[in-house]
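Undergrad: mmCIF, C-alpha atoms and all ligand atoms, file model-v9.cif:
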data_structure
loop_
_atom_site.label_atom_id
_atom_site.label_comp_id
_atom_site.auth_asym_id
_atom_site.auth_seq_id
_atom_site.Cartn_x
_atom_site.Cartn_y
_atom_site.Cartn_z
CA MET N 960 43.38 145.14 54.82
CA SER N 961 46.61 144.24 53.16
CA ALA N 962 46.41 143.38 49.46
CA PRO N 963 47.95 139.90 49.85
CA ILE N 964 45.33 138.92 52.42
CA PHE N 965 42.54 140.18 50.19
CA SER N 966 43.77 138.14 47.23
CA LEU N 967 44.44 135.11 49.40
CA VAL N 968 40.82 135.12 50.56
CA GLN N 969 39.57 135.69 47.02
CA ALA N 970 41.57 132.71 45.77
CA ALA N 971 40.33 130.54 48.65
CA LEU N 972 36.71 131.53 48.03
CA ALA N 973 37.24 130.60 44.38
CA GLY N 974 38.19 127.14 45.59
CA GLN N 975 41.95 127.06 45.04
CA ARG N 976 43.13 124.37 47.42
CA ARG N 977 46.46 125.93 48.28
CA ALA N 978 44.78 129.20 49.12
CA VAL N 979 42.21 127.35 51.25
CA ALA N 980 45.04 125.67 53.16
CA ARG N 981 46.79 128.99 53.76
CA LEU N 982 43.57 130.68 54.78
CA LEU N 983 42.91 127.93 57.33
CA SER N 984 46.38 128.29 58.82
CA LEU N 985 45.89 132.02 59.06
CA VAL N 986 42.51 131.92 60.83
CA GLU N 987 43.54 129.03 63.03
CA ASN N 988 46.08 131.34 64.60
CA ALA N 989 43.77 134.25 65.13
CA ASP N 990 45.19 134.69 68.63
CA ALA N 991 48.79 134.75 67.61
CA ARG N 992 51.04 137.21 65.88
CA GLU N 993 49.01 137.30 62.66
CA ARG N 994 46.00 138.45 64.61
CA ASP N 995 45.16 141.48 62.49
CA ASP N 996 45.52 139.62 59.20
CA ALA N 997 43.44 136.76 60.58
CA ARG N 998 40.69 139.13 61.61
CA ALA N 999 40.70 140.90 58.27
CA ALA N 1000 40.44 137.55 56.51
CA LEU N 1001 37.60 136.41 58.78
CA ALA N 1002 35.73 139.63 58.17
CA GLN N 1003 36.03 139.13 54.41
CA VAL N 1004 35.00 135.49 54.70
CA TYR N 1005 32.01 136.03 56.97
CA PRO N 1006 29.37 137.11 54.42
CA HIS N 1007 30.01 133.85 52.54
CA THR N 1008 29.33 131.62 55.55
CA GLY N 1009 26.05 130.07 56.64
CA GLN N 1010 25.73 127.59 53.78
CA ALA N 1011 27.25 124.42 55.23
CA GLN N 1012 25.67 121.81 57.45
CA MET N 1013 27.92 121.10 60.39
CA LEU N 1014 28.11 117.74 62.12
CA GLY N 1015 30.06 117.39 65.36
CA VAL N 1016 31.29 113.88 66.20
CA THR N 1017 32.38 113.16 69.74
CA GLY N 1018 33.19 110.07 71.77
CA ALA N 1019 35.80 108.49 74.00
CA PRO N 1020 39.35 107.94 72.69
CA GLY N 1021 39.43 104.89 70.44
CA SER N 1022 35.66 104.67 70.03
CA GLY N 1023 36.07 104.90 66.26
CA LYS N 1024 35.43 108.59 65.63
CA SER N 1025 37.97 108.98 62.83
CA THR N 1026 36.94 105.74 61.14
CA LEU N 1027 33.30 106.74 61.26
CA VAL N 1028 34.02 110.30 60.10
CA ALA N 1029 35.87 108.95 57.07
CA GLN N 1030 32.90 106.71 56.26
CA ILE N 1031 30.37 109.48 56.72
CA ALA N 1032 32.45 111.71 54.46
CA ALA N 1033 32.57 108.99 51.80
CA GLU N 1034 28.79 108.61 52.02
CA TYR N 1035 28.27 112.37 51.64
CA ARG N 1036 30.53 112.23 48.58
CA ARG N 1037 28.45 109.41 47.09
CA ARG N 1038 25.47 111.71 47.54
CA GLY N 1039 27.23 114.44 45.61
CA ARG N 1040 28.20 116.72 48.50
CA THR N 1041 31.56 118.30 49.10
CA VAL N 1042 32.99 117.70 52.56
CA GLY N 1043 35.30 119.48 54.98
CA ILE N 1044 36.69 117.56 57.95
CA VAL N 1045 38.20 119.19 61.01
CA ALA N 1046 39.86 116.85 63.48
CA VAL N 1047 40.24 118.56 66.82
CA ASP N 1048 42.62 116.77 69.10
CA PRO N 1049 43.25 118.37 72.45
CA THR N 1050 45.15 115.28 73.58
CA SER N 1051 47.75 115.33 70.85
CA PRO N 1052 50.51 116.99 72.90
CA PHE N 1053 50.37 113.95 75.18
CA SER N 1054 49.78 111.16 72.67
CA GLY N 1055 51.61 112.51 69.65
CA GLY N 1056 50.69 109.63 67.36
CA ALA N 1057 46.98 110.30 67.17
CA LEU N 1058 47.07 112.84 64.37
CA LEU N 1059 49.28 110.64 62.25
CA GLY N 1060 46.88 107.75 62.74
CA ASP N 1061 43.99 109.94 61.68
CA ARG N 1062 45.83 111.03 58.58
CA ILE N 1063 46.41 107.46 57.52
CA ARG N 1064 42.77 106.62 58.15
CA MET N 1065 41.65 109.59 56.10
CA GLN N 1066 44.01 108.77 53.25
CA ALA N 1067 41.29 107.08 51.23
CA LEU N 1068 39.65 110.49 50.93
CA SER N 1069 42.76 112.52 50.36
CA GLY N 1070 42.93 112.23 46.57
CA ASP N 1071 39.43 113.65 46.28
CA ALA N 1072 39.17 117.33 45.33
CA GLY N 1073 35.72 117.45 46.93
CA VAL N 1074 37.18 116.78 50.38
CA PHE N 1075 39.31 119.01 52.56
CA ILE N 1076 40.81 117.65 55.76
CA ARG N 1077 42.32 119.70 58.54
CA SER N 1078 43.82 118.44 61.78
CA MET N 1079 44.09 120.87 64.63
CA ALA N 1080 46.36 120.32 67.58
CA SER N 1081 45.56 122.11 70.77
CA ARG N 1082 47.30 125.35 71.38
CA GLY N 1083 46.76 127.37 74.49
CA SER N 1084 43.46 127.18 76.28
CA LEU N 1085 40.55 124.94 75.37
CA GLY N 1086 38.47 128.08 74.92
CA GLY N 1087 41.02 129.21 72.37
CA LEU N 1088 40.79 125.84 70.67
CA ALA N 1089 37.02 126.12 70.38
CA ARG N 1090 37.31 129.59 68.86
CA ASN N 1091 40.03 128.59 66.42
CA THR N 1092 37.97 125.58 65.43
CA SER N 1093 34.99 127.78 64.78
CA ASN N 1094 37.18 130.05 62.63
CA VAL N 1095 38.45 127.11 60.58
CA VAL N 1096 34.88 125.86 60.17
CA LYS N 1097 33.75 129.29 58.98
CA ALA N 1098 36.52 129.43 56.41
CA LEU N 1099 35.63 125.97 55.06
CA ASP N 1100 31.97 126.93 54.95
CA ALA N 1101 32.77 130.10 53.00
CA CYS N 1102 34.99 128.15 50.61
CA GLY N 1103 31.96 126.10 49.61
CA TYR N 1104 32.31 122.80 51.48
CA GLN N 1105 28.70 121.72 51.92
CA ARG N 1106 29.04 119.25 54.76
CA LEU N 1107 31.47 119.93 57.58
CA ILE N 1108 32.39 117.24 60.06
CA ILE N 1109 34.17 118.14 63.28
CA GLU N 1110 35.80 115.29 65.19
CA THR N 1111 36.54 115.98 68.81
CA VAL N 1112 37.57 113.70 71.62
CA GLY N 1113 35.16 113.64 74.55
CA VAL N 1114 36.92 115.75 77.15
CA GLY N 1115 34.20 117.88 78.65
CA GLN N 1116 34.23 121.58 77.90
CA THR N 1117 35.58 121.38 74.36
CA GLU N 1118 32.97 118.92 73.25
CA THR N 1119 30.21 121.12 74.66
CA ASP N 1120 31.72 124.20 72.99
CA ILE N 1121 32.05 122.38 69.74
CA ALA N 1122 28.52 121.03 70.07
CA ARG N 1123 27.43 124.66 70.03
CA THR N 1124 29.32 125.23 66.79
CA ALA N 1125 27.72 122.24 65.06
CA HIS N 1126 24.13 121.94 63.88
CA THR N 1127 24.02 118.24 64.70
CA THR N 1128 25.97 116.51 67.44
CA LEU N 1129 26.69 112.81 67.10
CA VAL N 1130 27.81 111.01 70.24
CA ILE N 1131 29.56 107.65 69.88
CA GLN N 1132 29.29 104.89 72.43
CA VAL N 1133 30.91 101.48 72.17
CA PRO N 1134 29.80 98.16 73.62
CA GLY N 1135 31.58 96.23 76.29
CA MET N 1136 32.45 98.94 78.75
CA GLY N 1137 30.55 97.43 81.64
CA ASP N 1138 27.62 99.39 82.91
CA GLU N 1139 26.91 101.87 80.13
CA ILE N 1140 24.93 104.07 82.42
CA GLN N 1141 28.12 104.64 84.38
CA THR N 1142 30.25 105.37 81.36
CA LEU N 1143 27.89 107.94 79.91
CA LYS N 1144 29.15 111.21 81.21
CA ALA N 1145 26.68 113.64 82.62
CA GLY N 1146 25.51 116.07 80.02
CA ILE N 1147 26.35 113.90 77.04
CA LEU N 1148 22.76 112.86 76.47
CA GLU N 1149 21.66 116.47 76.49
CA ILE N 1150 24.06 117.40 73.70
CA ALA N 1151 23.42 114.28 71.57
CA ASP N 1152 21.20 114.67 68.54
CA LEU N 1153 22.27 111.26 67.27
CA LEU N 1154 23.53 108.39 69.40
CA VAL N 1155 25.73 105.94 67.55
CA VAL N 1156 26.72 102.58 68.96
CA ASN N 1157 29.88 101.91 66.99
CA LYS N 1158 31.74 98.60 66.99
CA ALA N 1159 28.39 96.89 66.69
CA ASP N 1160 30.35 93.83 65.57
CA HIS N 1161 31.55 93.50 69.16
CA LEU N 1162 29.77 91.47 71.80
CA GLY N 1163 27.21 93.38 73.83
CA ALA N 1164 26.16 95.91 71.22
CA ASP N 1165 22.50 95.01 71.68
CA HIS N 1166 22.87 95.55 75.38
CA THR N 1167 24.38 99.00 74.81
CA VAL N 1168 21.55 99.97 72.47
CA ALA N 1169 19.02 98.80 75.05
CA ALA N 1170 20.80 100.66 77.86
CA LEU N 1171 20.82 103.88 75.85
CA ARG N 1172 17.17 103.46 74.97
CA ALA N 1173 16.36 103.00 78.66
CA MET N 1174 18.32 106.14 79.52
CA LEU N 1175 16.50 108.17 76.93
CA GLU N 1176 13.21 106.93 78.31
CA LEU N 1177 14.26 107.93 81.82
CA SER N 1178 14.90 111.49 80.73
CA PRO N 1179 12.45 112.09 77.93
CA ARG N 1180 12.70 115.30 75.98
CA ALA N 1181 9.71 117.56 76.28
CA ALA N 1182 8.89 117.45 72.60
CA GLY N 1183 10.48 117.69 69.23
CA TRP N 1184 13.58 115.82 68.15
CA GLN N 1185 14.17 112.43 69.76
CA PRO N 1186 17.76 111.26 69.24
CA PRO N 1187 17.82 108.00 67.27
CA ILE N 1188 20.13 105.21 68.41
CA LEU N 1189 22.10 103.93 65.44
CA PRO N 1190 24.40 100.88 65.46
CA THR N 1191 27.40 101.05 63.12
CA VAL N 1192 30.50 99.11 62.17
CA ALA N 1193 32.72 101.95 61.05
CA THR N 1194 35.43 99.63 59.76
CA THR N 1195 33.05 98.14 57.16
CA GLY N 1196 30.65 101.03 56.69
CA GLN N 1197 27.69 99.10 58.02
CA GLY N 1198 24.98 101.47 59.26
CA VAL N 1199 26.70 104.57 57.91
CA ALA N 1200 24.04 105.37 55.29
CA GLU N 1201 21.46 105.35 58.11
CA VAL N 1202 23.64 107.78 60.09
CA VAL N 1203 23.86 110.13 57.13
CA ASP N 1204 20.08 109.85 56.60
CA ALA N 1205 19.64 110.81 60.25
CA THR N 1206 21.91 113.89 59.91
CA GLU N 1207 19.81 115.07 56.98
CA ARG N 1208 16.58 114.39 58.87
CA HIS N 1209 17.87 116.30 61.87
CA VAL N 1210 18.78 119.34 59.80
CA ALA N 1211 15.36 119.22 58.11
CA TYR N 1212 13.84 119.15 61.60
CA LEU N 1213 15.95 122.13 62.71
CA ARG N 1214 14.82 124.12 59.69
CA GLN N 1215 11.12 123.40 59.90
CA SER N 1216 10.93 123.85 63.66
CA GLY N 1217 12.62 127.24 63.55
CA GLN N 1218 15.52 125.96 65.63
CA TRP N 1219 17.98 126.53 62.79
CA GLU N 1220 17.34 130.26 63.06
CA ARG N 1221 17.37 130.25 66.85
CA GLN N 1222 20.69 128.38 66.87
CA ALA N 1223 22.12 130.91 64.45
CA ARG N 1224 21.10 133.78 66.70
CA ALA N 1225 22.41 132.07 69.82
CA ARG N 1226 25.70 131.40 68.06
CA ALA N 1227 25.98 135.01 66.92
CA ALA N 1228 25.26 136.24 70.45
CA ASP N 1229 27.79 133.84 71.97
CA GLU N 1230 30.43 134.81 69.54
CA LEU N 1231 29.96 138.52 69.88
CA GLU N 1232 29.96 138.27 73.66
CA ALA N 1233 33.14 136.18 73.67
CA LEU N 1234 34.90 138.64 71.39
CA LEU N 1235 33.80 141.62 73.44
CA ARG N 1236 34.88 140.00 76.69
CA GLU N 1237 38.24 139.19 75.26
CA GLU N 1238 38.75 142.59 73.67
CA LEU N 1239 37.65 144.55 76.73
CA TRP N 1240 39.83 142.36 78.91
CA ARG N 1241 42.80 142.92 76.63
CA ARG N 1242 42.29 146.69 76.55
CA HIS N 1243 41.83 147.07 80.29
CA LEU N 1244 44.81 144.89 81.00
CA ALA N 1245 46.92 146.94 78.59
CA GLN N 1246 45.81 150.15 80.33
CA VAL N 1247 46.47 148.91 83.83
CA GLY N 1248 49.71 147.17 82.93
CA GLU N 1249 50.84 143.73 83.95
CA THR N 1250 52.80 144.96 86.97
CA ARG N 1251 49.97 146.96 88.46
CA TYR N 1252 47.59 144.08 87.72
CA ALA N 1253 49.85 141.62 89.53
CA ALA N 1254 50.04 144.01 92.48
CA LEU N 1255 46.24 144.25 92.62
CA ILE N 1256 45.94 140.45 92.64
CA GLU N 1257 48.42 140.33 95.49
CA GLN N 1258 46.43 142.92 97.47
CA VAL N 1259 43.20 140.98 96.95
CA ALA N 1260 44.88 137.73 97.96
CA THR N 1261 46.26 139.26 101.15
CA ARG N 1262 42.92 140.93 101.97
CA GLN N 1263 44.31 144.45 101.69
CA LEU N 1264 41.78 145.10 98.98
CA ASP N 1265 38.45 143.54 98.09
CA PRO N 1266 37.96 142.22 94.53
CA TYR N 1267 35.04 144.58 93.82
CA THR N 1268 37.10 147.68 94.51
CA ALA N 1269 40.02 146.19 92.56
CA ALA N 1270 37.77 145.58 89.55
CA GLU N 1271 36.42 149.13 89.72
CA GLU N 1272 39.94 150.44 89.88
CA ILE N 1273 40.93 148.49 86.75
CA LEU N 1274 37.80 149.59 84.87
CA HIS N 1275 38.50 153.22 85.66
CA THR N 1276 42.20 153.28 84.98
N1 LIG G 1301 35.84 96.02 65.34
C1 LIG G 1301 35.70 97.31 65.08
N2 LIG G 1301 36.76 98.13 65.18
C2 LIG G 1301 36.57 99.44 64.91
C3 LIG G 1301 35.32 99.96 64.52
N3 LIG G 1301 35.46 101.29 64.33
C4 LIG G 1301 36.74 101.58 64.59
N4 LIG G 1301 37.43 100.48 64.93
C5 LIG G 1301 38.86 100.39 65.28
O1 LIG G 1301 39.05 101.06 66.51
C6 LIG G 1301 40.32 101.70 66.54
C7 LIG G 1301 40.17 103.17 66.88
O2 LIG G 1301 39.50 103.80 65.83
P1 LIG G 1301 39.64 105.35 65.56
O3 LIG G 1301 38.76 105.67 64.40
O4 LIG G 1301 41.06 105.76 65.48
O5 LIG G 1301 39.02 105.93 66.90
P2 LIG G 1301 39.04 107.45 67.40
O6 LIG G 1301 37.84 107.57 68.27
O7 LIG G 1301 39.14 108.38 66.26
O8 LIG G 1301 40.35 107.50 68.28
P3 LIG G 1301 41.11 108.82 68.83
O9 LIG G 1301 41.00 109.88 67.77
O10 LIG G 1301 42.49 108.37 69.08
O11 LIG G 1301 40.38 109.19 70.08
C8 LIG G 1301 40.94 101.46 65.19
O12 LIG G 1301 41.81 100.36 65.29
C9 LIG G 1301 39.75 101.12 64.31
O13 LIG G 1301 40.09 100.30 63.23
C10 LIG G 1301 34.21 99.05 64.42
O14 LIG G 1301 33.07 99.42 64.13
N5 LIG G 1301 34.47 97.74 64.71
MG MG G 1302 40.47 110.01 65.91
#
Please render this file's structure as structure tokens.

TA:
Amino acid sequence: MSAPIFSLVQAALAGQRRAVARLLSLVENADARERDDARAALAQVYPHTGQAQMLGVTGAPGSGKSTLVAQIAAEYRRRGRTVGIVAVDPTSPFSGGALLGDRIRMQALSGDAGVFIRSMASRGSLGGLARNTSNVVKALDACGYQRLIIETVGVGQTETDIARTAHTTLVIQVPGMGDEIQTLKAGILEIADLLVVNKADHLGADHTVAALRAMLELSPRAAGWQPPILPTVATTGQGVAEVVDATERHVAYLRQSGQWERQARARAADELEALLREELWRRHLAQVGETRYAALIEQVATRQLDPYTAAEEILHT
């Protein structure tokens, strides 16, 4: 490892904010040109991870994720915890203003040395985004932030990926969207550890709470953790203390049920598998060469070659 990277990581681990910021930029680009440096930094950081509690917050655009995240962070601070916030925004290339809006919303926290905020715009594939997010989260964890909050817009695969990164997944619903049962995307109830009905100051909040309760009763969980339904008004902070209580209760449940350990193992397995896939893919592709690879695809597409034989050929090149 190069000496500058080693000292950068040391400085970040010691809590120097500038070094933390640089470390995050480095590991966020683990796929890009600084790949080797990023990997070296992540390797150095890794033994220091595993301390933070990670909360994933997901919900439809405009449901109040950022407002709620800022409130949750403030509540954690009142309870003496340091906080890292990662705002993942896969939509930002299309709606450029979102990140700026988030920054303004988070400003109340920005003078606080116990809070570190990072916004990530999407680059490349969503899979890449999930991995880069997990790298940024690891770095913040290693740098000593005790509570990490990951905000992600509800767009399917990313939210599920990010749910796997977090210990606790909070799903936001808002009232007044017609038939709630329709608006709840398939799979969202399965990933929710906490269900928050934000904008509880709006008409119909009670109805939304009741609809969610009915849904949970329709698909009861076998045993163990039952997701609580928590109304909030993120703009005023109403209900936020109860949300934070619920995150702490959920983590306590994970620990005493043994799920904390199982999650950690599942995460390690996932991560190793993803890295191996990617690395093997990269090596085989490099061996075969882009031109030959393109030719093989062409042959498979035109039925001159079957995909099984083509794969064997690539593996044995
Ligand atoms: N009335 C009311 N407005 C709220 C509440 N929470 C958030 N808002 C408002 O809803 C709007 C969207 O809030 P954001 O926090 O930006 O929502 P978001 O989910 O982060 O939005 P994106 O990141 O763009 O998807 C803002 O104008 C907030 O002030 C609430 O509990 N009640
Ligand atoms: Mg937001």

Undergrad: Which residues, written as a PyMOL selection string, have at least one atom at most 9 Å from N:His1275, with only C-alpha atoms counted and residues fewer than 4 positions away on the same chain left out?

TA: chain N and resi 1243+1270-1271

Undergrad: Skip N:Ile1188 itself and residues of its chain fewer than 6 positions away, then list as a list of chain:residue names all residues within 7 Å of it, counting all atoms listed in the file.

TA: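 My reading of the contact set: N:Leu1153, N:Leu1154, N:Val1155, N:Val1168.
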
Undergrad: What lies within 12 Å of stretch 1101-1103 of chain N using all atoms listed in the file, ignoring chain neighbours under 4 positions off, as a ChimeraX atom specification?

TA: /N:967-980,982-983,1000-1012,1040-1043,1073-1075,1094-1097,1107

Undergrad: Nearest to ligand MG 1302 (chain G) among N:Leu1088, N:Ile1076, N:Val1112, N:Val986, with distances taken over all atoms listed in the file: which residue is it?

TA: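 So, comparing all the options, the nearest one is N:Val1112.
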
Undergrad: Using only C-alpha atoms, which of the listed residues (N:Ala1245, N:Ala1029, N:Ala1125, N:Val1202) sits closest to N:Leu1014?

TA: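 Of the candidates, the smallest distance to N:Leu1014 is held by N:Ala1125.
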
Undergrad: Quick one, how far is atom CA of N:Val1199 from atom CA of N:Glu1220?

TA: 27.8 Å
